[in-house]
$ cat my_file.cif   # mmCIF, C-alpha atoms and all ligand atoms
data_data
loop_
_atom_site.label_atom_id
_atom_site.label_comp_id
_atom_site.auth_asym_id
_atom_site.auth_seq_id
_atom_site.Cartn_x
_atom_site.Cartn_y
_atom_site.Cartn_z
CA MET A 15 -30.27 -12.90 -61.25
CA ALA A 16 -28.44 -12.95 -57.91
CA LYS A 17 -25.05 -14.59 -58.01
CA LEU A 18 -24.27 -17.73 -56.05
CA VAL A 19 -21.26 -16.98 -53.86
CA LYS A 20 -19.20 -19.96 -52.73
CA LYS A 21 -17.00 -18.99 -49.81
CA ALA A 22 -13.84 -20.95 -48.99
CA ALA A 23 -14.01 -22.71 -45.61
CA GLU A 24 -10.61 -21.34 -44.55
CA LEU A 25 -10.13 -17.66 -45.26
CA GLY A 26 -9.37 -14.42 -43.42
CA PHE A 27 -6.35 -14.11 -41.16
CA CYS A 28 -4.31 -17.29 -40.81
CA PRO A 29 -3.68 -18.31 -37.17
CA GLY A 30 -0.20 -16.72 -37.19
CA VAL A 31 -1.42 -13.34 -38.42
CA ALA A 32 -4.50 -13.42 -36.14
CA ARG A 33 -2.25 -14.07 -33.15
CA ALA A 34 0.15 -11.26 -34.14
CA VAL A 35 -2.63 -8.70 -34.64
CA GLU A 36 -4.55 -9.64 -31.47
CA THR A 37 -1.42 -9.67 -29.29
CA THR A 38 -0.27 -6.30 -30.61
CA MET A 39 -3.71 -4.68 -30.27
CA ARG A 40 -4.04 -5.99 -26.72
CA ALA A 41 -0.64 -4.56 -25.76
CA ALA A 42 -1.51 -1.20 -27.36
CA ARG A 43 -4.40 -0.72 -24.93
CA SER A 44 -1.94 -0.04 -22.12
CA THR A 45 1.28 1.19 -23.76
CA PRO A 46 2.61 2.74 -27.00
CA VAL A 47 3.55 -0.04 -29.46
CA PHE A 48 5.90 0.14 -32.45
CA THR A 49 5.94 -2.66 -35.01
CA LEU A 50 9.33 -3.44 -36.51
CA GLY A 51 8.29 -3.37 -40.17
CA ARG A 52 4.67 -3.86 -41.20
CA LEU A 53 2.91 -6.34 -38.94
CA VAL A 54 0.90 -7.68 -41.91
CA HIS A 55 1.08 -7.21 -45.67
CA ASN A 56 -2.22 -5.42 -45.88
CA ASP A 57 -2.63 -1.63 -46.05
CA VAL A 58 -6.12 -1.54 -44.52
CA VAL A 59 -4.98 -3.53 -41.49
CA VAL A 60 -1.85 -1.39 -41.08
CA SER A 61 -4.07 1.74 -41.22
CA GLU A 62 -6.39 0.20 -38.62
CA LEU A 63 -3.40 -0.42 -36.35
CA GLU A 64 -2.09 3.10 -36.94
CA ALA A 65 -5.49 4.51 -35.96
CA MET A 66 -5.00 2.72 -32.62
CA GLY A 67 -1.63 4.46 -32.21
CA ILE A 68 0.46 1.46 -33.32
CA ALA A 69 3.24 2.90 -35.49
CA VAL A 70 5.42 1.11 -38.03
CA ILE A 71 9.16 1.66 -37.59
CA HIS A 72 11.98 0.37 -39.76
CA SER A 73 14.81 0.95 -37.30
CA LEU A 74 15.05 0.37 -33.56
CA ASP A 75 16.39 3.96 -33.36
CA ASP A 76 12.77 5.07 -33.80
CA ALA A 77 11.31 2.85 -31.04
CA ARG A 78 9.75 4.95 -28.27
CA GLY A 79 7.95 2.15 -26.44
CA LEU A 80 7.14 -1.54 -26.69
CA VAL A 81 8.44 -3.14 -29.93
CA ALA A 82 6.33 -5.79 -31.69
CA ILE A 83 8.07 -8.43 -33.81
CA SER A 84 5.86 -9.64 -36.65
CA ALA A 85 4.70 -13.19 -37.41
CA HIS A 86 7.47 -13.42 -40.04
CA GLY A 87 10.15 -13.37 -37.34
CA VAL A 88 13.46 -11.49 -37.36
CA PRO A 89 17.18 -12.32 -37.54
CA ALA A 90 18.62 -13.36 -34.15
CA GLN A 91 20.72 -10.19 -33.93
CA VAL A 92 17.52 -8.14 -33.53
CA TYR A 93 16.95 -9.79 -30.12
CA HIS A 94 20.51 -8.82 -29.10
CA GLN A 95 19.90 -5.24 -30.27
CA LEU A 96 16.63 -5.04 -28.33
CA GLN A 97 18.36 -6.30 -25.22
CA HIS A 98 21.36 -4.01 -25.71
CA ARG A 99 19.07 -0.97 -26.00
CA GLY A 100 16.96 -2.05 -23.03
CA LEU A 101 13.82 -2.13 -25.19
CA LYS A 102 10.84 -4.22 -24.14
CA PHE A 103 9.24 -6.28 -26.89
CA ILE A 104 6.50 -8.72 -27.76
CA ASP A 105 7.47 -11.53 -30.07
CA THR A 106 4.61 -12.61 -32.33
CA THR A 107 6.78 -14.84 -34.54
CA CYS A 108 4.43 -17.55 -35.84
CA PRO A 109 5.21 -20.95 -34.27
CA ILE A 110 5.38 -22.46 -37.78
CA VAL A 111 8.04 -19.90 -38.79
CA ARG A 112 9.89 -20.49 -35.53
CA LYS A 113 9.97 -24.22 -36.29
CA ALA A 114 11.42 -23.48 -39.76
CA GLN A 115 14.09 -21.29 -38.11
CA GLN A 116 15.02 -24.19 -35.81
CA VAL A 117 15.22 -26.56 -38.78
CA ALA A 118 17.52 -24.12 -40.64
CA SER A 119 19.77 -23.83 -37.63
CA GLN A 120 19.84 -27.60 -37.03
CA LEU A 121 20.70 -28.44 -40.65
CA ALA A 122 23.50 -25.85 -40.69
CA SER A 123 24.91 -27.32 -37.46
CA GLU A 124 24.95 -30.75 -39.16
CA GLY A 125 27.24 -29.30 -41.84
CA TYR A 126 24.78 -28.89 -44.69
CA PHE A 127 24.80 -25.97 -47.09
CA VAL A 128 21.26 -24.69 -46.59
CA VAL A 129 19.15 -23.50 -49.50
CA VAL A 130 15.89 -21.70 -48.78
CA TYR A 131 13.37 -21.72 -51.61
CA GLY A 132 11.80 -18.28 -51.20
CA ASP A 133 12.06 -14.57 -51.81
CA PRO A 134 15.46 -13.41 -50.48
CA GLY A 135 14.01 -9.95 -49.75
CA HIS A 136 11.19 -11.30 -47.55
CA ALA A 137 11.51 -10.81 -43.77
CA GLU A 138 10.85 -14.49 -43.02
CA VAL A 139 13.53 -15.66 -45.47
CA LYS A 140 16.06 -13.22 -43.99
CA GLY A 141 15.36 -14.76 -40.58
CA LEU A 142 15.83 -18.30 -41.96
CA LEU A 143 19.12 -17.40 -43.65
CA ASP A 144 20.31 -15.78 -40.45
CA ARG A 145 19.65 -19.04 -38.55
CA ALA A 146 21.40 -21.09 -41.24
CA GLY A 147 24.53 -18.93 -41.14
CA PRO A 148 27.10 -18.11 -43.82
CA LYS A 149 26.74 -21.38 -45.73
CA SER A 150 23.23 -20.65 -46.95
CA LYS A 151 21.44 -18.96 -49.80
CA ALA A 152 17.88 -18.18 -50.84
CA GLY A 153 16.19 -17.73 -54.17
CA LEU A 154 13.30 -18.68 -56.39
CA SER A 155 15.33 -20.45 -59.07
CA VAL A 156 18.31 -22.79 -59.04
CA SER A 157 20.21 -20.48 -61.41
CA SER A 158 19.82 -17.50 -59.06
CA ILE A 159 21.33 -19.52 -56.19
CA PHE A 160 24.09 -21.57 -57.82
CA ARG A 161 26.23 -20.12 -60.56
CA GLY A 162 29.26 -22.36 -60.13
CA ARG A 163 30.03 -25.53 -58.19
CA LEU A 164 27.31 -27.20 -56.18
CA PRO A 165 27.90 -28.02 -52.49
CA LYS A 166 28.45 -31.70 -51.67
CA ARG A 167 26.01 -31.73 -48.77
CA LEU A 168 22.84 -29.82 -49.43
CA ALA A 169 19.73 -29.20 -47.35
CA ILE A 170 16.64 -27.64 -48.89
CA LEU A 171 13.83 -25.93 -47.04
CA SER A 172 11.33 -23.30 -48.05
CA GLN A 173 9.65 -20.10 -47.02
CA THR A 174 6.57 -21.32 -45.14
CA THR A 175 4.06 -19.62 -47.46
CA ARG A 176 5.28 -21.07 -50.76
CA LEU A 177 3.00 -23.52 -52.53
CA SER A 178 3.84 -27.20 -52.67
CA HIS A 179 4.00 -27.43 -56.48
CA GLU A 180 6.53 -24.55 -56.61
CA VAL A 181 8.83 -26.29 -54.12
CA GLN A 182 8.47 -29.60 -55.97
CA ALA A 183 9.52 -27.93 -59.24
CA PHE A 184 12.53 -26.31 -57.56
CA VAL A 185 13.63 -29.55 -55.88
CA GLY A 186 13.04 -31.43 -59.14
CA GLU A 187 15.38 -29.07 -60.97
CA LEU A 188 18.09 -29.56 -58.35
CA LEU A 189 17.68 -33.33 -58.51
CA THR A 190 18.53 -33.31 -62.21
CA SER A 191 22.14 -32.83 -60.94
CA LEU A 192 21.78 -35.62 -58.36
CA GLU A 193 25.14 -37.24 -59.16
CA LYS A 194 26.97 -34.03 -58.13
CA PHE A 195 25.81 -34.31 -54.50
CA GLN A 196 26.94 -36.68 -51.76
CA ASP A 197 24.04 -36.05 -49.46
CA ILE A 198 20.75 -34.18 -49.90
CA ARG A 199 18.20 -33.43 -47.20
CA ILE A 200 14.76 -32.00 -47.93
CA ALA A 201 12.99 -30.45 -44.95
CA VAL A 202 9.29 -29.70 -45.42
CA THR A 203 8.68 -26.33 -43.80
CA LEU A 204 5.51 -25.39 -45.68
CA CYS A 205 2.57 -23.97 -43.75
CA SER A 206 -0.40 -26.36 -43.76
CA HIS A 207 -2.87 -23.44 -43.58
CA VAL A 208 -1.54 -22.02 -46.85
CA ALA A 209 -1.58 -25.49 -48.44
CA ARG A 210 -5.23 -26.01 -47.43
CA ARG A 211 -6.20 -22.62 -48.88
CA ALA A 212 -4.48 -23.49 -52.14
CA ARG A 213 -6.26 -26.86 -52.40
CA GLU A 214 -9.63 -25.27 -51.70
CA ALA A 215 -8.94 -22.38 -54.09
CA ALA A 216 -8.15 -24.83 -56.90
CA SER A 217 -11.43 -26.61 -56.28
CA LEU A 218 -13.34 -23.28 -56.22
CA ALA A 219 -11.68 -22.20 -59.47
CA SER A 220 -12.71 -25.47 -61.12
CA SER A 221 -16.31 -25.23 -59.97
CA THR A 222 -17.19 -21.52 -60.34
CA ASP A 223 -17.18 -18.96 -63.16
CA LEU A 224 -14.80 -16.66 -61.34
CA VAL A 225 -12.77 -16.61 -58.13
CA VAL A 226 -12.26 -13.40 -56.18
CA VAL A 227 -9.13 -13.50 -54.03
CA VAL A 228 -9.37 -10.83 -51.34
CA GLY A 229 -5.89 -9.54 -50.62
CA ASP A 230 -3.51 -6.63 -50.74
CA PRO A 231 -1.51 -6.14 -53.99
CA GLN A 232 1.65 -6.28 -51.84
CA SER A 233 0.72 -9.64 -50.32
CA SER A 234 2.74 -12.27 -52.15
CA ASN A 235 0.63 -15.19 -50.89
CA SER A 236 -2.52 -13.46 -52.23
CA ASN A 237 -0.93 -12.86 -55.63
CA ARG A 238 0.27 -16.45 -55.82
CA LEU A 239 -3.21 -17.68 -54.92
CA VAL A 240 -4.53 -15.76 -57.95
CA GLU A 241 -1.87 -17.29 -60.22
CA TRP A 242 -2.65 -20.74 -58.83
CA CYS A 243 -6.43 -20.34 -59.35
CA ASN A 244 -5.80 -19.15 -62.90
CA GLN A 245 -4.40 -22.60 -63.68
CA PHE A 246 -7.85 -24.08 -63.01
CA GLY A 247 -10.21 -21.27 -63.95
CA TYR A 248 -10.31 -17.49 -63.79
CA ALA A 249 -9.36 -15.44 -60.72
CA ARG A 250 -8.65 -11.85 -59.80
CA LEU A 251 -7.21 -10.05 -56.80
CA VAL A 252 -9.58 -7.65 -55.05
CA SER A 253 -8.26 -5.38 -52.31
CA SER A 254 -11.56 -3.75 -51.30
CA ALA A 255 -15.31 -3.77 -52.00
CA ASN A 256 -14.82 -0.61 -54.11
CA MET A 257 -13.37 -2.83 -56.84
CA ILE A 258 -16.67 -4.69 -57.20
CA ASP A 259 -18.77 -2.95 -59.82
CA GLY A 260 -20.90 -3.62 -62.87
CA GLU A 261 -18.08 -2.45 -65.16
CA TRP A 262 -16.21 -5.67 -64.48
CA GLN A 263 -17.47 -7.72 -67.41
CA GLU A 264 -16.42 -11.21 -66.20
CA LEU A 265 -17.99 -10.58 -62.80
CA ARG A 266 -21.17 -9.12 -64.30
CA VAL A 267 -21.84 -12.27 -66.35
CA ALA A 268 -20.66 -14.79 -63.73
CA GLN A 269 -23.41 -16.86 -62.12
CA THR A 270 -21.20 -18.53 -59.53
CA VAL A 271 -18.38 -16.68 -57.78
CA GLY A 272 -15.83 -18.30 -55.48
CA VAL A 273 -14.32 -16.18 -52.71
CA THR A 274 -11.07 -16.89 -50.92
CA SER A 275 -8.40 -14.67 -49.41
CA GLY A 276 -4.75 -14.19 -48.63
CA THR A 277 -3.58 -14.84 -45.08
CA SER A 278 -3.53 -11.15 -44.11
CA SER A 279 -7.08 -10.20 -45.14
CA PRO A 280 -9.46 -9.54 -42.24
CA ASN A 281 -12.92 -11.16 -42.19
CA TRP A 282 -14.74 -7.80 -42.19
CA LEU A 283 -13.06 -6.88 -45.49
CA ILE A 284 -14.03 -10.23 -47.04
CA ASP A 285 -17.63 -9.78 -45.83
CA GLU A 286 -17.76 -6.32 -47.45
CA VAL A 287 -16.55 -7.80 -50.76
CA ILE A 288 -19.14 -10.61 -50.58
CA ASP A 289 -21.94 -8.11 -49.81
CA ALA A 290 -20.90 -6.03 -52.83
CA ILE A 291 -20.90 -9.12 -55.09
CA GLU A 292 -24.32 -10.18 -53.84
CA ARG A 293 -25.72 -6.69 -54.45
CA LEU A 294 -24.75 -6.82 -58.15
CA ASP A 295 -27.66 -7.67 -60.48
S1 LIG A 301 0.82 -18.26 -43.21
FE1 LIG A 301 1.21 -20.00 -41.86
S2 LIG A 301 3.35 -19.73 -41.29
FE2 LIG A 301 2.69 -17.75 -42.08
S3 LIG A 301 1.98 -16.61 -40.29
FE3 LIG A 301 0.21 -17.67 -41.16
S4 LIG A 301 0.04 -19.59 -40.00
FE4 LIG A 301 2.11 -18.78 -39.70
#
$ encode --input "my_file.cif" --output "structure tokens"
Amino acid sequence: MAKLVKKAAELGFCPGVARAVETTMRAARSTPVFTLGRLVHNDVVVSELEAMGIAVIHSLDDARGLVAISAHGVPAQVYHQLQHRGLKFIDTTCPIVRKAQQVASQLASEGYFVVVYGDPGHAEVKGLLDRAGPKSKAGLSVSSIFRGRLPKRLAILSQTTRLSHEVQAFVGELLTSLEKFQDIRIAVTLCSHVARRAREAASLASSTDLVVVVGDPQSSNSNRLVEWCNQFGYARLVSSANMIDGEWQELRVAQTVGVTSGTSSPNWLIDEVIDAIERLD
């Protein structure tokens, strides 16, 4: 019997990634473009861009044309380096990330010690810490950020793609030491597109036999979406239609399959996965 596929209303590239990819592709039609780091956390998209002559570089030393800054943004010093080297660039920093950078900078200027809930190795978080200056730290647990005394004035913000319940748990843990602070500010810098996907994914996981999350194994928001769905049902990450086959027992017996995606999965890839699911007996 054919499976009933329930597709999430919001999936595919998020607006920030769509804007970054479209802007970069448009520029590449008339000039060589080099992306500073991977433009998106998705191998198939990076390969597509490479096929158009858009190369990934990890140092401005390797730039031989227009430099594209990704949706995650960069530390402020990168703009100085670009200017110093006389390199032209396109800045595809997502407006939501840019707003978070402004918040980090504002809170630091008001004298707060700024804590960013997020992965310290992620490009966006590095950009936020850069805006917050020396009195700032990032991490995914209170113990990884504070080992000794707590600052008196603390501001908390988060990487835009974290999920609301994760931030709430982190803030909740910090608030158990409430009496040690004089002043605490919590700035909500979460991306509403990610939050909507998470809400919809939870509802899909509760109402289907299995949720397929289309995303790259390196995409942290895709992996977290899988973890989140697994709290309500059963979900798995699928990076291409090749992973859809009759050997996958849970998929073979599922009658209803929910499909959602990470923010860096293109629509054509999702459509291929859905076609493959619908072709299964
Ligand atoms: S996930 Fe949200 S914040 Fe990140 S690039 Fe997409 S729209 Fe922007």
$ axis_aligned_box --input "my_file.cif" --around "ligand LIG 301 (chain A)" --padding-each-side "8 Å" --output "AutoDock Vina command-line options"
--center_x 1.7 --center_y -18.3 --center_z -41.5 --size_x 19.3 --size_y 19.4 --size_z 19.5
$ residues_near_ligand --input "my_file.cif" --ligand "ligand LIG 301 (chain A)" --cutoff "7 Å" --atoms "all atoms listed in the file" --output "list of chain:residue names"
A:Cys28, A:Pro29, A:Gly30, A:Val31, A:Ala85, A:His86, A:Cys108, A:Pro109, A:Ile110, A:Val111, A:Thr174, A:Thr175, A:Cys205, A:Ser206, A:His207, A:Val208, A:Thr277
$ atom_distance --input "my_file.cif" --atom1 "atom CA of A:Glu124" --atom2 "atom CA of A:Val202"
16.9 Å
$ residues_around --input "my_file.cif" --residues "stretch 285-292 of chain A" --least-positions-apart "6" --cutoff "10 Å" --atoms "all atoms listed in the file" --output "list of chain:residue names"
A:Met15, A:Ala16, A:Lys17, A:Leu18, A:Val19, A:Lys20, A:Lys21, A:Gly26, A:Val226, A:Val227, A:Val228, A:Val252, A:Ser253, A:Ser254, A:Ala255, A:Asn256, A:Met257, A:Ile258, A:Asp259, A:Gly260, A:Leu265, A:Arg266, A:Val271, A:Gly272, A:Val273
$ residues_near_point --input "my_file.cif" --point "(14.2, -13.7, -38.6)" --cutoff "8 Å" --atoms "only C-alpha atoms" --output "list in words"
His86, Gly87, Val88, Pro89, Ala90, Gln115, Ala137, Glu138, Val139, Lys140, Gly141, Leu142, Leu143, Asp144 and Arg145 of chain A
$ residues_around --input "my_file.cif" --residues "A:Ala201" --least-positions-apart "2" --cutoff "9 Å" --atoms "all atoms listed in the file" --output "PyMOL selection string"
chain A and resi 114+117-118+169-172+199+203
$ atom_distance --input "my_file.cif" --atom1 "atom CA of A:Gly100" --atom2 "atom CA of A:Ala146"
26.7 Å
$ atom_distance --input "my_file.cif" --atom1 "atom CA of A:Thr222" --atom2 "atom CA of A:Gln269"
8.0 Å
$ residues_around --input "my_file.cif" --residues "A:Val58" --least-positions-apart "4" --cutoff "10 Å" --atoms "only C-alpha atoms" --output "MDAnalysis selection string"
chainID A and resid 54 62:64 230 253:254 278:280 283
$ closest_residue --input "my_file.cif" --among "A:Leu239, A:Ala69, A:Ala41, A:Leu154" --to "A:Gln182" --atoms "all atoms listed in the file"
A:Leu154
$ closest_residue --input "my_file.cif" --among "A:Gly229, A:His179, A:Leu53, A:Arg163" --to "A:Asn281" --atoms "all atoms listed in the file"
A:Gly229
$ closest_residue --input "my_file.cif" --among "A:Gly147, A:Ala32, A:Arg293, A:Glu214" --to "A:Thr107" --atoms "only C-alpha atoms"
A:Ala32
$ residues_around --input "my_file.cif" --residues "A:Ala215" --least-positions-apart "3" --cutoff "9 Å" --atoms "all atoms listed in the file" --output "list of chain:residue names"
A:Ala22, A:Arg210, A:Arg211, A:Ala212, A:Leu218, A:Ala219, A:Ser220, A:Val225, A:Val227, A:Leu239, A:Val240, A:Trp242, A:Cys243, A:Gly272, A:Val273, A:Thr274
$ closest_residue --input "my_file.cif" --among "A:Lys149, A:Arg250, A:Lys194, A:Lys102" --to "A:Pro46" --atoms "only C-alpha atoms"
A:Lys102
$ closest_residue --input "my_file.cif" --among "A:Leu189, A:Phe195, A:Ser221, A:Glu241" --to "A:Val156" --atoms "all atoms listed in the file"
A:Leu189
$ closest_residue --input "my_file.cif" --among "A:Thr106, A:Ala268, A:Gly67, A:Ile83" --to "A:Glu36" --atoms "only C-alpha atoms"
A:Thr106
